[in-house]
Each structure stands twice: as C-alpha cells, then as structure tokens.
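A.B. asks: Here it is, the structure in full.
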Amino acid sequence: MTEKTLPPVYAPEQVEEKWYRFWEEGGFFRTGVDPEKKPFCIVMPPPNVTGELHMGHALDNTLQDVLIRWRRMQGHAALWLPGTDHAGIATQARVEAMLAKEGMSRYDLGREKFLERVWSWKERYGNRITLQLRRLGASCDWDRERFTMDAGCSEAVKEVFLRLYDRGLIYRGSYIVNWCPQCRTVISDIEVEHKDTAGNLYYIKYPVKNQDRFVTIATTRPETMLGDTAVAVNPADERYGELIGQVVVLPLVGREIPVIADAHVETEFGTGALKVTPAHDPYDFEIGGRHNLPAVRVIDQDGRMTPEAGARYAGLDRWECRKQVVRDLEAQGLLVKVEDLSHAVGHCYRCDTVIEPLISKQWFVRMKPLAEPAINAAREGRVRFVPERFTKIYMHWLENIRDWCISRQLWWGHRIPVWYCSDCGETIASGREVRECPKCGSARVEQDPDVLDTWFSSALWPFSTLGWPGETADLKFFYPTSVLVTGRDIIFFWVARMIFMGLAFMEDVPFREVFIHGLVLDALGRKMSKSLGNGVDPIDVIESHGADSLRFMLVTGNTPGNDLRFNFEKLEGARNFINKLWNASRFVLMNLDPEGSRAAAPADRELSDRWILSRYREAVEKATAGLGAYELGEAARALYEFVWDEFCDWYVELAKPRLYRGTPGEAAAARAVLHEVLGGLLRLLHPFIPFVTEEIWSHLNKGGAPLIHQPWPEDTPGLKDPEAEEEMGLIIEIIRAVRHIRAQMSVPPGRRAALVLVAPEERVRRIIEKGKGYIEELAAGSVTLAAELTAKPAQAAHAVAAGVEIFVPLGGLVDMEKERVRLAKEIDTVEKELARVEGKLGNPGFLSKAPADVVAKERDKQVELSAKREALQNRRRMLGEQ
RNA sequence: GGGCGAUUAGCUCAGGGGGAGAGCGCUUGCCUUACAAGCAAGAUGUCGUAGGUUCAAAUCCUACAUCGCCCACCA
C-alpha cells in the first residue's frame, strides 16, 4: 500500500537531505586501515576556505564521488579525504576588505590581532564550502577533514622546509621577482598571467658622449629608462659594431652608461639596440648580471617612482611617469617615433594588476634536483596522466623549470621558520621559536616576517593529511593514493609540485594516476567567471533540479581533459532521465509481489526475461569498463541507454501483459526479473545519482542494508545469452516494422499486409513462433499481419498475389538493392585480399625465407579473411539471391 | 615563437579503419491503468579543406584553414 504513496514526479528536495544525514551520521563514509581490503584513496583538492562552490568544484567533486562510491561498493577500503586550503592572498584580501569597511587596515591591528581576525573569520565562514559539498552528495570521510594550516599540516610544512634547507635546496637571495603593487607581495612565475595587451613601442635617441650622434633604442616602458645602466647590442650586429665600448648619455638623467655587447639581443626587434634596466626587467637583470651592471631602482613597492628616478619624477605613479617622460623626451626632440605594439604583459593572477618586476630578497626552492625525479616518474609510468597528452605538458614545464620563489609578503600563512640575529647577522632555521642566537648569544633575534606560498603546503597535501612526518598506519596503507582528480588548470601549481615533494619525502609518487578534466564553460562556450557574471551557481541548480540531475549532467557527455559546456537543456535531460528511472521503479514497486516471493526458477523465464537479463550483463560490463578507464561519461551513457531504451521501452512493456493477464507463474517470473534488474540498475547508477537510487532502494528493499554499501554487480560476461539477444533483437525489429507500416501507411484494421523477413526460412518461422505474442501485444491492431510474416521476397510476391497489399522488407527498411551492391563490392575486395594472402602462403620461397612471425601474421590474416568472407556470404544469402 | 585541443544533424556533443550516432529542436499521431519531465512513427549530415597510407579512411599520416587553450625574458 505504501507503494501507492510514491508520487509520479520525483521530488529531490524531499529526500536528498534525509539521505545525506543518514549516510553521514551512520558513518557510511568512514574508512580506516583494513588489511582485508584493497586500499582506494583519493585526497580531495582542497578548495579555498574563502570559496563558494562553483561549477568547477561541482564537476571535480562529482567525478571523485563517482569513483569513490564505485570502489566502496566494490569492497575497497575507499577513503576520500576532504579538507580546505588557507589560500594566503585570497583569504587575507577578504579579511582586509572587511577591515577596510571599518576604516582600518591590517597595520592598524598589528600582525597578531589581524591573524586572530582571520582565524575567527575562518571559523565562521570556512565551513561554507564543505556544507555545499555535502549538498552535492560528496561521500567524504568528514571525520578526517583537514586544513592546510592545522597543527599537523603546519608541522609537515616546517619539517619539509627545514629538510630542504639542510639539503641546500632552499636558499635566500636577491633576485628580480614578480611584484604585485596591489597585493604588495611577490608572486611566483606561474602566478603571473601573460596577456596580450595593446601598447606602444617608443623609439628614443640616446646621445653618444662627446659625439654628434645618437643610438636609437626601442622600448615599451619609457619610464624605466630612468633606471637604465647600459645599452646593449648584439655583437654580430654590423650597425653597431663600432659603438660597443662607447658611452652614451642617458637623456633626462644625464648618467653616462656604456654600450655593451650581449649575444641575447635580438637584431630584428626595434632598432636592435636595447636599453638595459636591471632593476625592472627580468631579461635586463640577467644581462646586468653577466656584465656586472649596477641596478638603479626607480620604482617602489607601490608602483611609484623612487627618489632615484630624479626629483622631477619621484613620487609619480608609474603610468603617470610614463606620460611625463614621453612629454619630456618629445620636448627635447629625443623621441623619434611611437609605434603601436601588441605584446604580452604580466598581470597578477589574483587582482589583475600589471606586475612590476623588482629586485628583492626572497626565499627560493632550487628546482633542478627536485624536478628530475618527477620527470623520471612520469617517463617510467609510475605516475600516469589521463588523458595521456597531459604528460607532455607536465614534462615540458619541469624540464624548463626555474627556481620557485616561495616567500610571500603576507601575514596569513605558514610563517617562514627562520630567524635572523641582528647582532651577528646569523640566519637560523628552526622548527621551534628561537629566543637567542646560538652563535653570539644575543637575544635580538627576529623571525622572518614573510609566509610561504600557499602552494607550498598544498604540495604536501597527499602525505601531510595522512599523518606525515609521523610514520602512521594510514600512510603505510593509503600512500601512494590511487588517483588525483583535478582540472588541467593546476597541473603546474599543484600536480607537479605534489609529485616532486612526494618523491622527495615519501620516496614515492603521491598518486598513481592523475585524472584531468576540463573547465565548465557557459552555454556560449565562455569561461564562467565572476567578472562576466555568467557563472551558474551549483546550489541554485541543486535546488531547482536536484543534486542527482546536476551530477548526471556533469558526468555525461564529458570526456577526460575536455571542456564541458553547461546548458539547461542537458540538465533537463538528466532530470528527465532520473524521473524516468523513478517511474520505472514506481511501476516495479506497484507490481511487486505482496508476498515477497522474488525467486523465479530459470525455467519459468521466457525469452524477454532472458533477453533483458543478458542486456543487463552487458550494461554491467560497459559501466564497469567505463569506470575503470575513467570514461565516466561512457559508463553513464551506457546505463542511460539501458534504462531507457531497453528496460523501460521494451522489457517493462513486455512484462505488462504477463503481470495483468498472465498465469500466476508467468506473473511471478516477470516480477522476479523486474525486481532483479531494477535492483542491479540501482547499484550501477548509485555512484552517479546516489540520492534517488538510495531512495528507491529503500522502497524496494524495505528494512535491508542501504544501497551505498551494497556490492557492485559482478561483471559476468559468461552469463550473457547471445541466443536470446539475437532472437529478441529480431522480434523488436519486426515490431518496429509493423508499427511503421501502420503509422506510415495507415493500414486500417482488417486490411492485410505482409512483412518480408530477411533471414533463413526456418529461423524466421522460429522467431515468428516465439515472437507472435509480443507482436500481437505491442503492435496491437495489426494482428492480421502475423499470419503473413514470410521469409522471402518471392513469398511476399505470393502474398501480394493472394490479396495482401502492403509489405515491407525487414532489415530492408534499408534499400535492398543498394545493400546488395555494397555487399558484392565488399566480398570482392575481401576475396582479392584473401587471394593475395593465400598466394603468398602457397609460395615455398616465402615460407622458407620469411621470419616466423611474419608468416604467422599472414596465417592469422588468412583465417580472419576467410571468416569475414563467410559472414558476408551468409548475409548475401539472407538478402535473397536473385 | 613553441605546444595542445576542437572542427560530425538546425543547436550541444559522443563515437571511431569496413553498414553515419545521442540529447535537444523539428514533423505526424497519441493524456495507452510507471512516467506528457511521457509514448509511437519520422525527416535531417559530401563527419573543416587538400593530399597520402590501405583492398577499404569520418576514423591513421602530412600539410592547410578556422576557433579555443596553454607555455614563452623580442625590450
């Protein structure tokens, strides 16, 4: 009776919360070390604590959840370890913005108070995204939730820093770095986004000292000329040969600077003469290093000109100064021309401000020694990318890697565990607070004010979350983790760094496989972004269509590594599918044997039962294979097709007459098979759409164990029933043909028509015999057709002669004549090829001289071709010889 | 400048050496006791262009074109 209470439309909002609570509180997501089971572990890419769930997260976490739920059902110790990232710049900026509203800056509060504010902000808002992940259905082991700045992770960060420092792989130095004047911190090379920007190329004359001539240089940044300390030309450049070693007078400044030769100067670009500003250009910095040039710093940390730029310019904003310099040059007649130029300009990935290269003292990680093992690991296949092509991108980056700048001028983050003695200048790296200098005993020691790049702690995530630097059972059991699922946008930021850190500290890769997915684009194919305002909020979607619909939409039609367009039609398609499943289940539940007798002896099964069970095996096979190959979209699609096109459209319809009008035995058999297949389907679909399947399961298996812990259906290709599949396949074709006749040709009841079956006669008779009932049922009203079913065109003609007016060749809804021609051609080519192979094999010279494997290959080919020829000839026979 | 991906039905996309696929949209007919978020029947494609390999190419190879992405110190 309760079955009747199931509404005809599935209402996700009424069940999702209930089931999530049931799973979480029931401890169904919990996993620990279990030597009886195989470990399967995914460490979640930690979303920013400041974050709100966006479509990218939804996709990433859906894929992970599908894999985890699948492996859990397969009986693995499936651990999905969640957590969040402290997101240095992002979080600090968020809290600073809050302070700004109160009219304060972090400096007003001071470091300690400010950090307190950030922590309380984190306590208050930091769990937001994890709550949103729950709504998506993410089956993480929340008891193990971690944070990149919790005690354990902080311990790991310190330990790694100190060990790298001891190994000489971390050093401090003055280098030119990418400075963001807005965020007021240095950022690493990969945090700089190069954007093509429309700019100008200014041609400026530099007078040669004591001579009446000039060198004309070209620059996009005239304001930096105030810091020039040389002009460089290519030594092979004939135009400038005699100038090398001469001195030019820097306009506006009056400084005398040398003309030097450097082989890296392009002769083609601009005038071939390059102004050298070591303090404000990475390239010039290197030239400066090679030639021992002084660096004159003319721009400060706020992007303003320094006193060294000269009184006229000091204090000006860099853009203001550019205009001023150009005006001044023009006034002095030193500006030759200005050209338009589109060139790549570095922007801050966070705030989009134009990066200012500055010389600054920072901490770096020496990358070459760390990169090498990471390259080897990929080359040797110890870590495998899916899709494969991302291996190349990863390798290319590591092969050309430069040292990693890891210090950040922020307060929120892992503070660099280094102290400096202001008396003797000693640098002390330590895991503990240092109060006095171990060298001179001075108490005037101060910790480095900077913190580490956020990605430094993320790089340790796969082992810091499992208890490193302790030697935990978790580490032994779950490390290396099974797979990393992430977007291709953070291969460098994160994936590569985890790999080299894992290799450096765990002596093994952090994960065996990296499953890369693309971006979620909007309906027009654009990146979803806040500034465009084209983002779709996953929570809105969950509220309107349910989490299962969102998940299913994200998984289907998505192939590894490729972008995915979000559109509502697809979402509706997913919802409709879920509703279809819901209704098919309603049907099964309504017809369930009230006595609960489910088992039907195989003997009671009829053709359609055998058929659907066999098709079900096929679905199991495809779903399992798809999941194993990370072809989740393919797996989901196979299930979609099975549910809709086979189970609903055919089997359920074929079961109805037996349920409604059949003998008790027939009805019981149908019920049992419906129950069995639906039960299996729910398992297969559970990883993709966990809520609705668990809900249906609870009705189907009252009082039983929940679906989430049911075993995944075994892949049993041996239980397939090819005979049933073939017979049923033909019957389905017949039914479709009969319907076609009726619909297209409007056969009124009572009028006679004939179907021509393209198959050997005795088979046709058998099929017709078996399929008669089905045909009468599903092509009702056409019953008079059944008697006329016939095997050969000739007989069809006979039927026509006997007053039958319409006939349609089956399989022959295709053009029979065209088919015959095609077949003839194919047989011809196969025969030709076969003749060639047989000729070869009949040649004693070939047999005695050719290598054994070549001969074997030819023999295989012969067998294959003969089989093919036979199949083709059979088909031709079936078409009916003329 | 280098690398990668895409190009298949009106739209969004799967597939992939031998008979062109799905969803949506469209046409026609249906509220048939699971479902109108549905059922049944249909129409629609020289699979970007040009070469090559092959008995056979939408599929593999090579160029090219268009779009997109990533990397890069031509100021």
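Ordered as shown in the structure tokens, chains take letters A, B, and onward, while each chain numbers its residues from 1 and ligands are numbered from 1 in the order shown.
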Write down as a PyMOL selection string the residues of stretch 171-414 of chain A whose backbone DSSP state falls under strand (DSSP E).
C.D. replies: chain A and resi 171-180+185-187+192-207+214-219+230-233+247-249+256-261+273-276+335-348+356-365+384-386+404-405+407-408
A.B. asks: Counting only C-alpha atoms (C1' of nucleotides), which residue out of B:C24, B:C35, B:C30, B:C47 sits closest to A:Ile578?
C.D. replies: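 Under the stated criterion, the closest residue is B:C35.
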A.B. asks: Just checking: using only C-alpha atoms (C1' of nucleotides), which residue out of B:G29, B:G1, B:G21, B:G45 ends up closest to chain A?
C.D. replies: B:G29
A.B. asks: Pick the closest to A:Val9 from A:Arg134, A:Tyr640, A:Pro235, A:Trp582: which is it, counting only C-alpha atoms?
C.D. replies: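 Of the candidates, the smallest distance to A:Val9 is held by A:Trp582.
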A.B. asks: For stretch 45-53 of chain A, find every residue with an atom within 6 Å (counting only C-alpha atoms (C1' of nucleotides)), except residues of its own chain fewer than 5 positions away, and show them as a PDB file with C-alpha atoms, in the first residue's frame.
C.D. replies:
```pdb
ATOM      1  CA  GLY A  83      39.899  19.463   3.503  1.00  0.00           C
ATOM      2  CA  THR A  84      40.326  23.113   2.753  1.00  0.00           C
ATOM      3  CA  ASP A  85      43.174  25.378   1.802  1.00  0.00           C
ATOM      4  CA  HIS A  86      44.086  28.510   3.719  1.00  0.00           C
ATOM      5  CA  ALA A  87      44.560  30.370   0.426  1.00  0.00           C
ATOM      6  CA  THR A  91      41.780  34.982   2.443  1.00  0.00           C
ATOM      7  CA  GLY A 126      35.325  28.456   6.392  1.00  0.00           C
ATOM      8  CA  ILE A 129      32.085  25.176   1.061  1.00  0.00           C
TER       9      ILE A 129
END
```
A.B. asks: Each residue of chain B with at least one atom at most 12 Å from chain A should appear once, together with its nearest atom pair and the corresponding distance in Å (one decimal); atoms considered: only C-alpha atoms (C1' of nucleotides); ordering: chain, then increasing residue number; output as JSON lines.
C.D. replies:
```
{"residue": "B:G2", "atom": "C1'", "partner": "A:His396", "partner_atom": "CA", "distance": 11.0}
{"residue": "B:G3", "atom": "C1'", "partner": "A:Ile393", "partner_atom": "CA", "distance": 8.0}
{"residue": "B:C4", "atom": "C1'", "partner": "A:Arg389", "partner_atom": "CA", "distance": 8.0}
{"residue": "B:G5", "atom": "C1'", "partner": "A:Asn562", "partner_atom": "CA", "distance": 8.0}
{"residue": "B:A6", "atom": "C1'", "partner": "A:Asn562", "partner_atom": "CA", "distance": 9.5}
{"residue": "B:C11", "atom": "C1'", "partner": "A:Glu569", "partner_atom": "CA", "distance": 10.4}
{"residue": "B:U12", "atom": "C1'", "partner": "A:Arg565", "partner_atom": "CA", "distance": 7.8}
{"residue": "B:C13", "atom": "C1'", "partner": "A:Gly557", "partner_atom": "CA", "distance": 6.6}
{"residue": "B:A14", "atom": "C1'", "partner": "A:Gly557", "partner_atom": "CA", "distance": 6.4}
{"residue": "B:G15", "atom": "C1'", "partner": "A:Glu634", "partner_atom": "CA", "distance": 10.0}
{"residue": "B:G18", "atom": "C1'", "partner": "A:Glu826", "partner_atom": "CA", "distance": 8.2}
{"residue": "B:G19", "atom": "C1'", "partner": "A:Glu819", "partner_atom": "CA", "distance": 8.4}
{"residue": "B:A22", "atom": "C1'", "partner": "A:Arg637", "partner_atom": "CA", "distance": 9.1}
{"residue": "B:G23", "atom": "C1'", "partner": "A:Gly573", "partner_atom": "CA", "distance": 7.0}
{"residue": "B:C24", "atom": "C1'", "partner": "A:Glu569", "partner_atom": "CA", "distance": 6.3}
{"residue": "B:G25", "atom": "C1'", "partner": "A:Glu569", "partner_atom": "CA", "distance": 10.4}
{"residue": "B:U28", "atom": "C1'", "partner": "A:Ala743", "partner_atom": "CA", "distance": 9.0}
{"residue": "B:G29", "atom": "C1'", "partner": "A:Ala743", "partner_atom": "CA", "distance": 8.0}
{"residue": "B:C30", "atom": "C1'", "partner": "A:Ala743", "partner_atom": "CA", "distance": 11.5}
{"residue": "B:U32", "atom": "C1'", "partner": "A:Leu778", "partner_atom": "CA", "distance": 10.8}
{"residue": "B:U33", "atom": "C1'", "partner": "A:Tyr660", "partner_atom": "CA", "distance": 10.2}
{"residue": "B:A34", "atom": "C1'", "partner": "A:Phe587", "partner_atom": "CA", "distance": 4.2}
{"residue": "B:C35", "atom": "C1'", "partner": "A:Asn583", "partner_atom": "CA", "distance": 5.1}
{"residue": "B:A36", "atom": "C1'", "partner": "A:Asn576", "partner_atom": "CA", "distance": 11.8}
{"residue": "B:A37", "atom": "C1'", "partner": "A:Asn576", "partner_atom": "CA", "distance": 4.8}
{"residue": "B:G38", "atom": "C1'", "partner": "A:Lys580", "partner_atom": "CA", "distance": 8.8}
{"residue": "B:C39", "atom": "C1'", "partner": "A:Asp649", "partner_atom": "CA", "distance": 9.0}
{"residue": "B:A40", "atom": "C1'", "partner": "A:Arg739", "partner_atom": "CA", "distance": 7.8}
{"residue": "B:A41", "atom": "C1'", "partner": "A:Ala743", "partner_atom": "CA", "distance": 5.8}
{"residue": "B:G42", "atom": "C1'", "partner": "A:Gln744", "partner_atom": "CA", "distance": 8.5}
{"residue": "B:U54", "atom": "C1'", "partner": "A:Glu833", "partner_atom": "CA", "distance": 11.4}
{"residue": "B:C55", "atom": "C1'", "partner": "A:Thr829", "partner_atom": "CA", "distance": 5.0}
{"residue": "B:A56", "atom": "C1'", "partner": "A:Thr829", "partner_atom": "CA", "distance": 8.0}
{"residue": "B:C67", "atom": "C1'", "partner": "A:Gly525", "partner_atom": "CA", "distance": 11.2}
{"residue": "B:G68", "atom": "C1'", "partner": "A:Gly525", "partner_atom": "CA", "distance": 9.4}
{"residue": "B:C69", "atom": "C1'", "partner": "A:Asp563", "partner_atom": "CA", "distance": 10.0}
{"residue": "B:C70", "atom": "C1'", "partner": "A:Ile393", "partner_atom": "CA", "distance": 8.4}
{"residue": "B:C71", "atom": "C1'", "partner": "A:Trp397", "partner_atom": "CA", "distance": 8.0}
{"residue": "B:A72", "atom": "C1'", "partner": "A:His194", "partner_atom": "CA", "distance": 9.5}
{"residue": "B:C73", "atom": "C1'", "partner": "A:Tyr283", "partner_atom": "CA", "distance": 4.6}
{"residue": "B:C74", "atom": "C1'", "partner": "A:Phe269", "partner_atom": "CA", "distance": 5.8}
{"residue": "B:A75", "atom": "C1'", "partner": "A:Thr219", "partner_atom": "CA", "distance": 5.6}
```
A.B. asks: Tell me, as a list in words, which residues lie within 10 Å of B:C26, counting only C-alpha atoms (C1' of nucleotides); anything in the same chain fewer than 4 positions away does not count.
C.D. replies: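 These residues fall inside the cut-off: G10, A43 and U44 of chain B.
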A.B. asks: Identify, with DSSP run on backbone atoms, the residues in stretch 598-659 of chain A assigned to alpha helix (DSSP H), and express the list as a ChimeraX atom specification.
C.D. replies: /A:607-628,632-641,653-659
A.B. asks: With N, CA and C atoms kept, could you save the residues just selected as a JSON list (two decimals), in the first residue's frame?
C.D. replies:
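This is the output file part-v2.json:
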```
[["chain", "number", "residue", "atom", "x", "y", "z"],
["A", 607, "LEU", "N", 11.53, -15.70, -23.16],
["A", 607, "LEU", "CA", 12.52, -15.04, -23.98],
["A", 607, "LEU", "C", 12.86, -13.62, -23.52],
["A", 608, "SER", "N", 11.82, -12.83, -23.25],
["A", 608, "SER", "CA", 12.10, -11.43, -22.89],
["A", 608, "SER", "C", 12.86, -11.34, -21.57],
["A", 609, "ASP", "N", 12.62, -12.28, -20.67],
["A", 609, "ASP", "CA", 13.36, -12.29, -19.40],
["A", 609, "ASP", "C", 14.84, -12.58, -19.65],
["A", 610, "ARG", "N", 15.04, -13.61, -20.45],
["A", 610, "ARG", "CA", 16.43, -13.97, -20.75],
["A", 610, "ARG", "C", 17.12, -12.81, -21.46],
["A", 611, "TRP", "N", 16.37, -12.18, -22.34],
["A", 611, "TRP", "CA", 16.92, -11.07, -23.10],
["A", 611, "TRP", "C", 17.34, -9.92, -22.18],
["A", 612, "ILE", "N", 16.44, -9.47, -21.32],
["A", 612, "ILE", "CA", 16.77, -8.29, -20.51],
["A", 612, "ILE", "C", 17.89, -8.62, -19.53],
["A", 613, "LEU", "N", 17.91, -9.87, -19.03],
["A", 613, "LEU", "CA", 18.99, -10.23, -18.11],
["A", 613, "LEU", "C", 20.34, -10.20, -18.84],
["A", 614, "SER", "N", 20.30, -10.62, -20.06],
["A", 614, "SER", "CA", 21.54, -10.61, -20.84],
["A", 614, "SER", "C", 21.97, -9.17, -21.14],
["A", 615, "ARG", "N", 21.00, -8.35, -21.50],
["A", 615, "ARG", "CA", 21.32, -6.95, -21.76],
["A", 615, "ARG", "C", 21.83, -6.28, -20.49],
["A", 616, "TYR", "N", 21.29, -6.70, -19.37],
["A", 616, "TYR", "CA", 21.74, -6.16, -18.09],
["A", 616, "TYR", "C", 23.22, -6.50, -17.86],
["A", 617, "ARG", "N", 23.59, -7.72, -18.18],
["A", 617, "ARG", "CA", 25.01, -8.10, -18.06],
["A", 617, "ARG", "C", 25.87, -7.17, -18.90],
["A", 618, "GLU", "N", 25.36, -6.90, -20.07],
["A", 618, "GLU", "CA", 26.09, -6.03, -20.98],
["A", 618, "GLU", "C", 26.28, -4.64, -20.34],
["A", 619, "ALA", "N", 25.20, -4.17, -19.70],
["A", 619, "ALA", "CA", 25.28, -2.85, -19.05],
["A", 619, "ALA", "C", 26.30, -2.88, -17.92],
["A", 620, "VAL", "N", 26.31, -3.97, -17.16],
["A", 620, "VAL", "CA", 27.29, -4.10, -16.08],
["A", 620, "VAL", "C", 28.70, -4.01, -16.66],
["A", 621, "GLU", "N", 28.87, -4.74, -17.74],
["A", 621, "GLU", "CA", 30.18, -4.79, -18.38],
["A", 621, "GLU", "C", 30.62, -3.39, -18.81],
["A", 622, "LYS", "N", 29.74, -2.70, -19.50],
["A", 622, "LYS", "CA", 30.09, -1.38, -20.01],
["A", 622, "LYS", "C", 30.33, -0.38, -18.88],
["A", 623, "ALA", "N", 29.48, -0.43, -17.87],
["A", 623, "ALA", "CA", 29.62, 0.53, -16.78],
["A", 623, "ALA", "C", 30.94, 0.27, -16.05],
["A", 624, "THR", "N", 31.23, -0.98, -15.80],
["A", 624, "THR", "CA", 32.47, -1.30, -15.07],
["A", 624, "THR", "C", 33.69, -0.91, -15.88],
["A", 625, "ALA", "N", 33.65, -1.24, -17.16],
["A", 625, "ALA", "CA", 34.79, -0.91, -18.02],
["A", 625, "ALA", "C", 34.97, 0.60, -18.10],
["A", 626, "GLY", "N", 33.88, 1.31, -18.25],
["A", 626, "GLY", "CA", 33.95, 2.76, -18.37],
["A", 626, "GLY", "C", 34.54, 3.39, -17.12],
["A", 627, "LEU", "N", 34.08, 2.94, -15.98],
["A", 627, "LEU", "CA", 34.61, 3.50, -14.73],
["A", 627, "LEU", "C", 36.09, 3.19, -14.59],
["A", 628, "GLY", "N", 36.47, 1.98, -14.95],
["A", 628, "GLY", "CA", 37.86, 1.59, -14.82],
["A", 628, "GLY", "C", 38.79, 2.39, -15.71],
["A", 632, "LEU", "N", 33.90, 8.03, -17.55],
["A", 632, "LEU", "CA", 32.68, 8.06, -16.74],
["A", 632, "LEU", "C", 31.47, 8.42, -17.60],
["A", 633, "GLY", "N", 31.69, 9.27, -18.57],
["A", 633, "GLY", "CA", 30.60, 9.67, -19.44],
["A", 633, "GLY", "C", 30.07, 8.49, -20.23],
["A", 634, "GLU", "N", 30.99, 7.66, -20.70],
["A", 634, "GLU", "CA", 30.59, 6.47, -21.45],
["A", 634, "GLU", "C", 29.82, 5.51, -20.57],
["A", 635, "ALA", "N", 30.29, 5.33, -19.35],
["A", 635, "ALA", "CA", 29.62, 4.44, -18.42],
["A", 635, "ALA", "C", 28.20, 4.92, -18.16],
["A", 636, "ALA", "N", 28.07, 6.22, -17.92],
["A", 636, "ALA", "CA", 26.75, 6.77, -17.61],
["A", 636, "ALA", "C", 25.83, 6.66, -18.81],
["A", 637, "ARG", "N", 26.40, 6.89, -19.99],
["A", 637, "ARG", "CA", 25.59, 6.83, -21.19],
["A", 637, "ARG", "C", 25.08, 5.40, -21.43],
["A", 638, "ALA", "N", 25.94, 4.41, -21.19],
["A", 638, "ALA", "CA", 25.53, 3.03, -21.37],
["A", 638, "ALA", "C", 24.36, 2.72, -20.44],
["A", 639, "LEU", "N", 24.42, 3.23, -19.21],
["A", 639, "LEU", "CA", 23.34, 2.98, -18.27],
["A", 639, "LEU", "C", 22.06, 3.70, -18.69],
["A", 640, "TYR", "N", 22.25, 4.92, -19.15],
["A", 640, "TYR", "CA", 21.10, 5.69, -19.62],
["A", 640, "TYR", "C", 20.37, 4.93, -20.72],
["A", 641, "GLU", "N", 21.16, 4.45, -21.68],
["A", 641, "GLU", "CA", 20.54, 3.74, -22.80],
["A", 641, "GLU", "C", 19.89, 2.45, -22.35],
["A", 653, "GLU", "N", 7.28, -2.94, -20.97],
["A", 653, "GLU", "CA", 6.08, -3.11, -21.80],
["A", 653, "GLU", "C", 5.76, -4.58, -22.03],
["A", 654, "LEU", "N", 6.80, -5.37, -22.23],
["A", 654, "LEU", "CA", 6.58, -6.80, -22.47],
["A", 654, "LEU", "C", 6.12, -7.52, -21.21],
["A", 655, "ALA", "N", 6.47, -6.95, -20.06],
["A", 655, "ALA", "CA", 6.10, -7.61, -18.81],
["A", 655, "ALA", "C", 4.63, -7.35, -18.47],
["A", 656, "LYS", "N", 4.11, -6.24, -18.94],
["A", 656, "LYS", "CA", 2.75, -5.85, -18.54],
["A", 656, "LYS", "C", 1.69, -6.94, -18.79],
["A", 657, "PRO", "N", 1.62, -7.46, -20.02],
["A", 657, "PRO", "CA", 0.57, -8.47, -20.24],
["A", 657, "PRO", "C", 0.69, -9.65, -19.28],
["A", 658, "ARG", "N", 1.90, -10.04, -18.99],
["A", 658, "ARG", "CA", 2.03, -11.19, -18.08],
["A", 658, "ARG", "C", 1.58, -10.80, -16.66],
["A", 659, "LEU", "N", 1.91, -9.58, -16.27],
["A", 659, "LEU", "CA", 1.53, -9.15, -14.93],
["A", 659, "LEU", "C", 0.03, -8.98, -14.81]]
```
A.B. asks: Pick out the residues sitting within 10 Å of stretch 101-114 of chain A, and hand them over as a ChimeraX atom specification; count only C-alpha atoms (C1' of nucleotides), and ignore anything fewer than 2 positions along from it in its own chain.
C.D. replies: /A:92,95-99,116-120,410-412,449
